[in-house]
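Student: Data: structure-v5.pdb, PDB, C-alpha atoms.
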ATOM      1  CA  MET A  12    -104.116 -25.422  72.663
ATOM      2  CA  ARG A  13    -103.099 -26.051  69.094
ATOM      3  CA  ARG A  14    -104.616 -28.516  66.656
ATOM      4  CA  VAL A  15    -103.314 -29.248  63.181
ATOM      5  CA  LEU A  16    -105.824 -30.929  60.899
ATOM      6  CA  ALA A  17    -105.467 -32.078  57.314
ATOM      7  CA  VAL A  18    -108.311 -30.622  55.262
ATOM      8  CA  SER A  19    -107.364 -32.169  51.926
ATOM      9  CA  VAL A  20    -104.348 -33.269  49.956
ATOM     10  CA  PHE A  21    -103.749 -29.650  48.984
ATOM     11  CA  SER A  22    -104.611 -27.726  52.141
ATOM     12  CA  ILE A  23    -103.979 -27.761  55.872
ATOM     13  CA  LEU A  24    -105.932 -26.100  58.671
ATOM     14  CA  LEU A  25    -104.195 -24.771  61.796
ATOM     15  CA  LEU A  26    -105.997 -23.628  64.946
ATOM     16  CA  ILE A  27    -104.506 -21.694  67.868
ATOM     17  CA  GLY A  28    -106.555 -20.718  70.913
ATOM     18  CA  CYS A  29    -105.111 -17.905  73.005
ATOM     19  CA  GLY A  30    -105.971 -18.427  76.632
ATOM     20  CA  GLY A  31    -106.310 -16.060  79.548
ATOM     21  CA  GLY A  32    -104.522 -18.251  82.074
ATOM     22  CA  GLY A  33    -100.851 -18.914  82.666
ATOM     23  CA  GLY A  34     -98.037 -16.431  83.037
ATOM     24  CA  GLY A  35     -97.119 -17.413  86.589
ATOM     25  CA  ASN A  36     -99.177 -15.550  89.185
ATOM     26  CA  LYS A  37    -100.022 -12.694  86.852
ATOM     27  CA  GLN A  38    -103.281 -12.514  84.940
ATOM     28  CA  PRO A  39    -104.374 -10.065  82.238
ATOM     29  CA  ASP A  40    -106.197  -6.994  83.536
ATOM     30  CA  TYR A  41    -109.834  -7.614  82.640
ATOM     31  CA  HIS A  42    -110.639  -3.930  83.104
ATOM     32  CA  GLY A  43    -108.938  -3.548  79.733
ATOM     33  CA  ARG A  44    -105.659  -1.937  80.799
ATOM     34  CA  CYS A  45    -102.368  -3.002  79.237
ATOM     35  CA  ASP A  46     -99.484  -4.089  81.474
ATOM     36  CA  TYR A  47     -96.009  -3.185  80.202
ATOM     37  CA  SER A  48     -94.130  -4.346  83.307
ATOM     38  CA  VAL A  49     -93.824  -7.896  81.913
ATOM     39  CA  LEU A  50     -91.708  -6.970  78.859
ATOM     40  CA  ASN A  51     -88.547  -9.061  78.492
ATOM     41  CA  PRO A  52     -87.230  -8.598  74.931
ATOM     42  CA  TYR A  53     -84.248 -10.883  75.593
ATOM     43  CA  SER A  54     -86.466 -13.944  76.034
ATOM     44  CA  ARG A  55     -86.371 -16.028  72.858
ATOM     45  CA  PRO A  56     -85.961 -19.715  71.979
ATOM     46  CA  PRO A  57     -82.385 -20.943  71.289
ATOM     47  CA  VAL A  58     -83.272 -21.800  67.669
ATOM     48  CA  ASP A  59     -84.031 -19.918  64.449
ATOM     49  CA  LEU A  60     -87.062 -17.699  65.114
ATOM     50  CA  VAL A  61     -88.651 -18.128  61.685
ATOM     51  CA  TRP A  62     -88.438 -21.895  62.038
ATOM     52  CA  TYR A  63     -89.790 -21.884  65.581
ATOM     53  CA  HIS A  64     -92.719 -19.553  64.952
ATOM     54  CA  ASN A  65     -93.577 -20.596  61.395
ATOM     55  CA  ALA A  66     -91.698 -23.193  59.336
ATOM     56  CA  GLN A  67     -91.772 -26.034  61.871
ATOM     57  CA  PHE A  68     -95.511 -26.355  61.170
ATOM     58  CA  ASN A  69     -94.923 -26.978  57.452
ATOM     59  CA  LEU A  70     -92.112 -29.521  57.255
ATOM     60  CA  ASP A  71     -89.437 -26.808  57.681
ATOM     61  CA  ARG A  72     -90.804 -24.617  54.874
ATOM     62  CA  THR A  73     -92.085 -21.087  55.408
ATOM     63  CA  ILE A  74     -95.762 -20.179  55.021
ATOM     64  CA  ARG A  75     -97.046 -16.662  54.382
ATOM     65  CA  TRP A  76     -99.478 -14.566  52.378
ATOM     66  CA  PRO A  77     -98.614 -13.708  48.759
ATOM     67  CA  HIS A  78     -97.153 -10.277  47.988
ATOM     68  CA  ARG A  79    -100.472  -8.526  47.398
ATOM     69  CA  ASP A  80    -103.289  -6.814  49.298
ATOM     70  CA  VAL A  81    -104.782  -9.193  51.881
ATOM     71  CA  LEU A  82    -108.459  -8.295  52.312
ATOM     72  CA  ILE A  83    -109.976  -8.165  55.810
ATOM     73  CA  ALA A  84    -113.716  -8.381  56.518
ATOM     74  CA  VAL A  85    -114.537  -6.958  59.964
ATOM     75  CA  MET A  86    -117.662  -8.648  61.331
ATOM     76  CA  ASP A  87    -117.047  -7.764  65.006
ATOM     77  CA  THR A  88    -119.000  -4.535  65.516
ATOM     78  CA  ARG A  89    -117.013  -3.628  68.651
ATOM     79  CA  ILE A  90    -113.932  -2.802  66.562
ATOM     80  CA  ASP A  91    -113.217   0.854  65.901
ATOM     81  CA  ARG A  92    -111.999   1.193  62.315
ATOM     82  CA  TRP A  93    -109.502   3.967  63.118
ATOM     83  CA  ALA A  94    -107.930   1.886  65.900
ATOM     84  CA  LEU A  95    -107.797  -1.144  63.608
ATOM     85  CA  GLN A  96    -106.097   0.891  60.890
ATOM     86  CA  GLN A  97    -103.362   1.939  63.332
ATOM     87  CA  ILE A  98    -102.691  -1.739  64.038
ATOM     88  CA  LEU A  99    -102.625  -2.611  60.336
ATOM     89  CA  ASP A 100    -100.287   0.273  59.532
ATOM     90  CA  GLU A 101     -97.825  -1.006  62.127
ATOM     91  CA  ILE A 102     -97.953  -4.634  60.944
ATOM     92  CA  ASN A 103     -97.728  -3.608  57.280
ATOM     93  CA  ARG A 104     -94.328  -2.019  57.915
ATOM     94  CA  TYR A 105     -92.885  -5.476  58.542
ATOM     95  CA  ILE A 106     -94.622  -7.557  55.851
ATOM     96  CA  TYR A 107     -94.031  -5.309  52.817
ATOM     97  CA  PRO A 108     -94.896  -5.670  49.958
ATOM     98  CA  THR A 109     -97.826  -7.673  51.357
ATOM     99  CA  ARG A 110    -100.410  -5.315  52.830
ATOM    100  CA  LEU A 111    -103.372  -5.888  55.166
ATOM    101  CA  VAL A 112    -106.385  -3.890  53.930
ATOM    102  CA  VAL A 113    -109.878  -3.521  55.402
ATOM    103  CA  ALA A 114    -112.405  -4.205  52.644
ATOM    104  CA  ASP A 115    -116.190  -3.865  52.592
ATOM    105  CA  VAL A 116    -116.733  -7.307  51.100
ATOM    106  CA  PRO A 117    -118.740 -10.339  52.252
ATOM    107  CA  PRO A 118    -116.649 -12.632  54.489
ATOM    108  CA  VAL A 119    -116.554 -15.343  51.830
ATOM    109  CA  TYR A 120    -114.585 -12.990  49.559
ATOM    110  CA  ALA A 121    -112.167 -11.834  52.266
ATOM    111  CA  ASP A 122    -108.782 -13.356  53.025
ATOM    112  CA  ILE A 123    -109.091 -12.666  56.756
ATOM    113  CA  GLU A 124    -112.359 -12.581  58.693
ATOM    114  CA  ILE A 125    -112.713 -11.055  62.186
ATOM    115  CA  TRP A 126    -115.659 -12.201  64.324
ATOM    116  CA  HIS A 127    -116.969 -11.809  67.865
ATOM    117  CA  ASN A 128    -117.364 -15.213  69.555
ATOM    118  CA  PRO A 129    -118.493 -15.141  73.229
ATOM    119  CA  VAL A 130    -118.354 -18.953  73.355
ATOM    120  CA  LEU A 131    -114.561 -18.660  73.681
ATOM    121  CA  ASP A 132    -115.026 -17.413  77.250
ATOM    122  CA  GLN A 133    -116.156 -20.895  78.237
ATOM    123  CA  LEU A 134    -112.705 -22.140  77.137
ATOM    124  CA  ASP A 135    -110.911 -19.320  78.991
ATOM    125  CA  TRP A 136    -109.591 -18.110  75.630
ATOM    126  CA  LEU A 137    -109.216 -14.430  74.783
ATOM    127  CA  GLY A 138    -109.298 -15.199  71.073
ATOM    128  CA  GLN A 139    -108.361 -17.708  68.430
ATOM    129  CA  CYS A 140    -107.106 -17.827  64.868
ATOM    130  CA  GLU A 141    -107.607 -20.495  62.221
ATOM    131  CA  TRP A 142    -105.664 -20.618  58.977
ATOM    132  CA  ILE A 143    -105.840 -22.579  55.773
ATOM    133  CA  PHE A 144    -102.712 -22.812  53.659
ATOM    134  CA  GLY A 145    -102.170 -24.812  50.547
ATOM    135  CA  ALA A 146    -100.301 -25.073  47.261
ATOM    136  CA  GLY A 147     -97.261 -22.846  46.947
ATOM    137  CA  ASN A 148     -96.892 -22.599  50.740
ATOM    138  CA  PHE A 149     -99.246 -19.624  50.770
ATOM    139  CA  LEU A 150    -101.901 -18.792  53.302
ATOM    140  CA  VAL A 151    -105.314 -18.706  51.626
ATOM    141  CA  LYS A 152    -107.678 -17.969  54.528
ATOM    142  CA  ALA A 153    -107.576 -16.893  58.176
ATOM    143  CA  ILE A 154    -110.497 -16.571  60.595
ATOM    144  CA  ILE A 155    -110.048 -14.573  63.796
ATOM    145  CA  GLU A 156    -112.496 -14.755  66.692
ATOM    146  CA  ILE A 157    -112.377 -12.489  69.761
ATOM    147  CA  ALA A 158    -114.033 -13.375  73.069
ATOM    148  CA  ASP A 159    -115.962 -11.122  75.449
ATOM    149  CA  SER A 160    -113.386 -11.316  78.234
ATOM    150  CA  PRO A 161    -110.897  -8.665  77.044
ATOM    151  CA  PHE A 162    -113.646  -6.035  77.553
ATOM    152  CA  TYR A 163    -113.006  -2.763  75.776
ATOM    153  CA  GLY A 164    -109.774  -0.858  76.015
ATOM    154  CA  CYS A 165    -106.077  -1.344  75.373
ATOM    155  CA  LEU A 166    -106.233  -5.076  76.142
ATOM    156  CA  PHE A 167    -109.058  -5.603  73.631
ATOM    157  CA  TYR A 168    -106.930  -4.138  70.841
ATOM    158  CA  ALA A 169    -103.848  -5.967  72.112
ATOM    159  CA  VAL A 170    -105.717  -9.257  71.698
ATOM    160  CA  LEU A 171    -106.881  -8.167  68.230
ATOM    161  CA  LYS A 172    -103.286  -7.321  67.233
ATOM    162  CA  HIS A 173    -102.119 -10.656  68.686
ATOM    163  CA  GLU A 174    -104.582 -12.569  66.509
ATOM    164  CA  LEU A 175    -103.721 -10.525  63.406
ATOM    165  CA  LEU A 176    -100.061 -11.401  63.913
ATOM    166  CA  HIS A 177    -101.057 -15.048  64.137
ATOM    167  CA  ALA A 178    -102.990 -14.522  60.895
ATOM    168  CA  VAL A 179     -99.915 -13.257  59.008
ATOM    169  CA  GLY A 180     -97.769 -16.241  59.976
ATOM    170  CA  ILE A 181     -96.609 -16.174  63.600
ATOM    171  CA  PHE A 182     -98.029 -19.541  64.619
ATOM    172  CA  GLU A 183     -96.230 -20.054  67.943
ATOM    173  CA  HIS A 184     -96.554 -17.832  71.001
ATOM    174  CA  MET A 185     -93.644 -15.878  72.439
ATOM    175  CA  THR A 186     -92.363 -15.467  75.995
ATOM    176  CA  ASP A 187     -90.987 -11.928  75.777
ATOM    177  CA  GLY A 188     -93.956 -10.236  77.447
ATOM    178  CA  GLY A 189     -95.032  -8.413  74.276
ATOM    179  CA  VAL A 190     -98.127  -8.684  72.121
ATOM    180  CA  MET A 191     -97.411 -12.285  71.079
ATOM    181  CA  ASN A 192     -97.028 -13.467  74.656
ATOM    182  CA  SER A 193     -99.630 -15.920  75.924
ATOM    183  CA  PRO A 194    -101.510 -14.682  77.830
ATOM    184  CA  THR A 195    -101.510 -11.257  76.219
ATOM    185  CA  TYR A 196    -100.772  -8.332  78.551
ATOM    186  CA  ASN A 197    -100.037  -5.477  76.133
ATOM    187  CA  ASP A 198     -99.832  -4.367  72.500
ATOM    188  CA  VAL A 199     -96.047  -4.094  72.041
ATOM    189  CA  ILE A 200     -94.547  -5.506  68.836
ATOM    190  CA  THR A 201     -91.203  -6.696  70.156
ATOM    191  CA  PRO A 202     -87.922  -7.260  68.262
ATOM    192  CA  ASN A 203     -88.731 -10.987  68.210
ATOM    193  CA  VAL A 204     -91.902 -10.312  66.198
ATOM    194  CA  ILE A 205     -89.981  -8.143  63.731
ATOM    195  CA  ASP A 206     -87.237 -10.755  63.433
ATOM    196  CA  VAL A 207     -89.863 -13.272  62.308
ATOM    197  CA  LEU A 208     -91.954 -11.133  59.975
ATOM    198  CA  VAL A 209     -89.255  -9.304  58.032
ATOM    199  CA  PRO A 210     -87.396 -12.397  56.742
ATOM    200  CA  LEU A 211     -90.643 -14.350  56.409
ATOM    201  CA  TYR A 212     -91.980 -11.832  53.877
ATOM    202  CA  ARG A 213     -88.633 -10.951  52.306
ATOM    203  CA  PHE A 214     -87.910 -14.464  51.028
ATOM    204  CA  PRO A 215     -90.124 -16.699  48.855
ATOM    205  CA  ALA A 216     -92.856 -18.745  50.501
ATOM    206  CA  GLY A 217     -91.648 -22.291  50.998
ATOM    207  CA  THR A 218     -88.069 -21.230  51.792
ATOM    208  CA  PRO A 219     -86.361 -24.013  53.780
ATOM    209  CA  VAL A 220     -85.626 -22.994  57.382
ATOM    210  CA  TYR A 221     -84.127 -25.238  60.044
ATOM    211  CA  PRO A 222     -83.628 -24.909  63.811
TER     212      PRO A 222
END
Represent the structure contained in this file as structure tokens.

Tutor:
Amino acid sequence: MRRVLAVSVFSILLLIGCGGGGGGNKQPDYHGRCDYSVLNPYSRPPVDLVWYHNAQFNLDRTIRWPHRDVLIAVMDTRIDRWALQQILDEINRYIYPTRLVVADVPPVYADIEIWHNPVLDQLDWLGQCEWIFGAGNFLVKAIIEIADSPFYGCLFYAVLKHELLHAVGIFEHMTDGGVMNSPTYNDVITPNVIDVLVPLYRFPAGTPVYP
């Protein structure tokens, strides 16, 4: 469910849709409860994680946000700001000195926009994230959309965290049963997520990485 489209000579758009199907016979709990029984932190691809989840989509060069505040405009009125801040605080620990910050600015001035999009239910997607990245191998825009299907509860915020992690540079899903699993069952940031984000934001954007 991924499309990569050239927007111009200087920018690329990536789209990932995060579906509700798959995962063998298990399905996400649509009453909103998180399921931690599926965690398997030892499941990872037999290649470099930063390459697999990021650099392979940019000719083996890393892509990330600059080391600055990344402004988020929250347009989905279902999102509790305190709960969102807890998610951002956790992610920010791994992308320092970049920092995700909620800002009361119009979406056009934000780096990341978060919207409610019930149309995604027709695709059986829980959410989706689009990015634009351009010169300097930096992300310049991300748009997150959340469907109706997660309902409201732990799973809703797990899907939100999943899409925010896509927005900061984890482009490929994981199979370790944590928050970046597809489908999403829970909100756990696993060691695999940390092992992508920490080096991704420690080294310069555009760093060569190979399998």

Student: Applied to this file, what does the PyMOL selection byres ((chain A and resi 147-150) around 10) return in terms of residues, put as a list of chain:residue names?

Tutor: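 Residues picked by the PyMOL selection byres ((chain A and resi 147-150) around 10): A:Phe21, A:Ser22, A:Ile23, A:Leu24, A:Asn69, A:Arg72, A:Thr73, A:Ile74, A:Arg75, A:Trp76, A:Pro77, A:His78, A:Asp122, A:Trp142, A:Ile143, A:Phe144, A:Gly145, A:Ala146, A:Val151, A:Lys152, A:Ala153, A:Ala178, A:Val179, A:Gly180, A:Pro215, A:Ala216, A:Gly217, A:Thr218.
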
Student: Identify, on the basis of all atoms listed in the file, every residue whose closest approach to segment 195-210 of chain A does not exceed 6 Å; exclude the query and any residue fewer than 3 positions from it along the same chain; express the result as a ChimeraX atom specification.

Tutor: /A:39,45-46,60-61,105,169,189-190,192,213

Student: Please, could you write that set of residues out with C-alpha atoms as a compact mmCIF listing (two decimals), keeping the file's coordinate frame?

Tutor:
# COMPACT_ATOMS: atom_id res chain seq x y z
CA PRO A 39 -104.37 -10.06 82.24
CA CYS A 45 -102.37 -3.00 79.24
CA ASP A 46 -99.48 -4.09 81.47
CA LEU A 60 -87.06 -17.70 65.11
CA VAL A 61 -88.65 -18.13 61.68
CA TYR A 105 -92.88 -5.48 58.54
CA ALA A 169 -103.85 -5.97 72.11
CA GLY A 189 -95.03 -8.41 74.28
CA VAL A 190 -98.13 -8.68 72.12
CA ASN A 192 -97.03 -13.47 74.66
CA ARG A 213 -88.63 -10.95 52.31

Student: Between A:Leu137, A:Asp71, A:Arg44, A:Asn51, which one has atoms that come closest to Gly188 of chain A, using all atoms listed in the file?

Tutor: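 That would be A:Asn51, the residue with the smallest distance to Gly188 of chain A.
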
Student: Taking into account all atoms listed in the file, which residue in the set A:Thr186, A:Gln67, A:Gln96, A:Ser160 is nearest to Pro52 of chain A?

Tutor: A:Thr186

Student: Within 9 Å of (-121.5, -7.8, 67.3) (coordinates as in the file), grab all the protein and nucleic acid residues, counting all atoms listed in the file, and write them out as number ranges by chain.

Tutor: A: 86-89, 126-128

Student: Rank nothing, just name the residue among A:Leu175, A:Phe167, A:Val119, A:Trp62 nearest to Glu101 of chain A, using only C-alpha atoms.

Tutor: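 Between A:Leu175, A:Phe167, A:Val119, A:Trp62, the residue approaching Glu101 of chain A most closely is A:Leu175.
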
Student: Let me make sure I understand: among A:Gly138, A:Asp91, A:Asp132, A:Val81, which one has the smallest atom-to-atom distance to Ala114 of chain A if we use all atoms listed in the file?

Tutor: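 Ranking A:Gly138, A:Asp91, A:Asp132, A:Val81 by distance to Ala114 of chain A, first place goes to A:Val81.
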
Student: May I ask for the distance between atom CA of Pro219 of chain A and atom CA of Lys172 of chain A, given in Å to one decimal place?

Tutor: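 Separation of atom CA of Pro219 of chain A and atom CA of Lys172 of chain A: 27.3 Å.
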
Student: So how many Å separate atom CA of Asp59 of chain A and atom CA of Met191 of chain A, to one decimal?

Tutor: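 So the two atoms, atom CA of Asp59 of chain A and atom CA of Met191 of chain A, lie 16.8 Å apart.
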
Student: Between A:Leu171, A:Leu50, A:Ala121, A:Ile155, which has the minimum distance to Ala84 of chain A (counting all atoms listed in the file)?

Tutor: A:Ala121

Student: As an exercise, work out the distance from atom CA of Tyr53 of chain A to atom CA of Asp187 of chain A in Å and give it to one decimal place.

Tutor: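 We find that atom CA of Tyr53 of chain A and atom CA of Asp187 of chain A lie 6.8 Å from each other.
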
Student: Point out the residue among A:Ile123, A:Phe68, A:Leu166, A:Arg79 with the least atom-to-atom distance to Tyr107 of chain A, counting only C-alpha atoms.

Tutor: A:Arg79

Student: Listed atoms of segment 84-91 of chain A, axis-aligned box, 4 Å per side: centre and edge lengths to one decimal in Å, as lines of an AutoDock Vina configuration file?

Tutor:
center_x = -116.1
center_y = -3.9
center_z = 62.6
size_x = 13.8
size_y = 17.5
size_z = 20.1

Student: Write out as a list in words the residues lying within 9 Å of Arg110 of chain A, counting all atoms listed in the file and excluding same-chain residues fewer than 4 positions away.

Tutor: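 Residues meeting the cut-off are His78, Arg79, Asp80, Val81, Leu82, Leu99, Asp100, Ile102, Asn103, Arg104 and Ile106 of chain A.
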
Student: Complete the atom set of segment 78-112 of chain A to N, CA and C atoms and return it as a tab-separated table (two decimals), keeping the file's coordinate frame.

Tutor:
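Written output follows (out21.tsv):
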chain	number	residue	atom	x	y	z
A	78	HIS	N	-97.47	-11.70	48.02
A	78	HIS	CA	-97.15	-10.28	47.99
A	78	HIS	C	-98.26	-9.54	47.23
A	79	ARG	N	-99.31	-9.23	47.96
A	79	ARG	CA	-100.47	-8.53	47.40
A	79	ARG	C	-101.28	-7.97	48.56
A	80	ASP	N	-102.37	-7.26	48.25
A	80	ASP	CA	-103.29	-6.81	49.30
A	80	ASP	C	-104.04	-8.02	49.87
A	81	VAL	N	-104.04	-8.14	51.18
A	81	VAL	CA	-104.78	-9.19	51.88
A	81	VAL	C	-106.03	-8.54	52.46
A	82	LEU	N	-107.20	-8.96	51.98
A	82	LEU	CA	-108.46	-8.30	52.31
A	82	LEU	C	-109.01	-8.80	53.64
A	83	ILE	N	-109.44	-7.85	54.49
A	83	ILE	CA	-109.98	-8.16	55.81
A	83	ILE	C	-111.44	-7.75	55.88
A	84	ALA	N	-112.30	-8.68	56.26
A	84	ALA	CA	-113.72	-8.38	56.52
A	84	ALA	C	-113.91	-8.31	58.03
A	85	VAL	N	-114.37	-7.17	58.52
A	85	VAL	CA	-114.54	-6.96	59.96
A	85	VAL	C	-116.00	-7.17	60.32
A	86	MET	N	-116.30	-8.31	60.96
A	86	MET	CA	-117.66	-8.65	61.33
A	86	MET	C	-117.94	-8.41	62.82
A	87	ASP	N	-116.91	-8.08	63.58
A	87	ASP	CA	-117.05	-7.76	65.01
A	87	ASP	C	-117.34	-6.27	65.13
A	88	THR	N	-118.56	-5.94	65.50
A	88	THR	CA	-119.00	-4.54	65.52
A	88	THR	C	-118.38	-3.72	66.65
A	89	ARG	N	-117.68	-4.36	67.57
A	89	ARG	CA	-117.01	-3.63	68.65
A	89	ARG	C	-115.75	-2.91	68.18
A	90	ILE	N	-115.23	-3.30	67.01
A	90	ILE	CA	-113.93	-2.80	66.56
A	90	ILE	C	-114.05	-1.42	65.94
A	91	ASP	N	-113.30	-0.49	66.47
A	91	ASP	CA	-113.22	0.85	65.90
A	91	ASP	C	-112.29	0.82	64.69
A	92	ARG	N	-112.77	1.30	63.55
A	92	ARG	CA	-112.00	1.19	62.32
A	92	ARG	C	-110.70	2.01	62.37
A	93	TRP	N	-110.72	3.16	63.02
A	93	TRP	CA	-109.50	3.97	63.12
A	93	TRP	C	-108.45	3.22	63.93
A	94	ALA	N	-108.87	2.64	65.07
A	94	ALA	CA	-107.93	1.89	65.90
A	94	ALA	C	-107.38	0.68	65.15
A	95	LEU	N	-108.25	-0.01	64.40
A	95	LEU	CA	-107.80	-1.14	63.61
A	95	LEU	C	-106.78	-0.71	62.57
A	96	GLN	N	-107.03	0.42	61.92
A	96	GLN	CA	-106.10	0.89	60.89
A	96	GLN	C	-104.72	1.19	61.47
A	97	GLN	N	-104.66	1.69	62.70
A	97	GLN	CA	-103.36	1.94	63.33
A	97	GLN	C	-102.60	0.63	63.51
A	98	ILE	N	-103.32	-0.43	63.89
A	98	ILE	CA	-102.69	-1.74	64.04
A	98	ILE	C	-102.18	-2.24	62.69
A	99	LEU	N	-103.02	-2.13	61.66
A	99	LEU	CA	-102.62	-2.61	60.34
A	99	LEU	C	-101.43	-1.84	59.79
A	100	ASP	N	-101.40	-0.53	60.01
A	100	ASP	CA	-100.29	0.27	59.53
A	100	ASP	C	-98.98	-0.20	60.16
A	101	GLU	N	-99.04	-0.55	61.45
A	101	GLU	CA	-97.82	-1.01	62.13
A	101	GLU	C	-97.38	-2.37	61.59
A	102	ILE	N	-98.31	-3.31	61.45
A	102	ILE	CA	-97.95	-4.63	60.94
A	102	ILE	C	-97.45	-4.55	59.51
A	103	ASN	N	-98.10	-3.71	58.70
A	103	ASN	CA	-97.73	-3.61	57.28
A	103	ASN	C	-96.29	-3.16	57.08
A	104	ARG	N	-95.72	-2.45	58.04
A	104	ARG	CA	-94.33	-2.02	57.92
A	104	ARG	C	-93.38	-3.21	57.85
A	105	TYR	N	-93.79	-4.33	58.42
A	105	TYR	CA	-92.88	-5.48	58.54
A	105	TYR	C	-93.18	-6.59	57.55
A	106	ILE	N	-94.28	-6.49	56.79
A	106	ILE	CA	-94.62	-7.56	55.85
A	106	ILE	C	-94.63	-7.05	54.40
A	107	TYR	N	-94.09	-5.87	54.16
A	107	TYR	CA	-94.03	-5.31	52.82
A	107	TYR	C	-93.32	-6.28	51.87
A	108	PRO	N	-93.83	-6.42	50.62
A	108	PRO	CA	-94.90	-5.67	49.96
A	108	PRO	C	-96.31	-6.21	50.17
A	109	THR	N	-96.47	-7.26	50.97
A	109	THR	CA	-97.83	-7.67	51.36
A	109	THR	C	-98.44	-6.56	52.20
A	110	ARG	N	-99.75	-6.39	52.10
A	110	ARG	CA	-100.41	-5.32	52.83
A	110	ARG	C	-101.78	-5.77	53.31
A	111	LEU	N	-102.05	-5.60	54.60
A	111	LEU	CA	-103.37	-5.89	55.17
A	111	LEU	C	-104.29	-4.70	54.92
A	112	VAL	N	-105.47	-4.96	54.34
A	112	VAL	CA	-106.38	-3.89	53.93
A	112	VAL	C	-107.80	-4.25	54.37
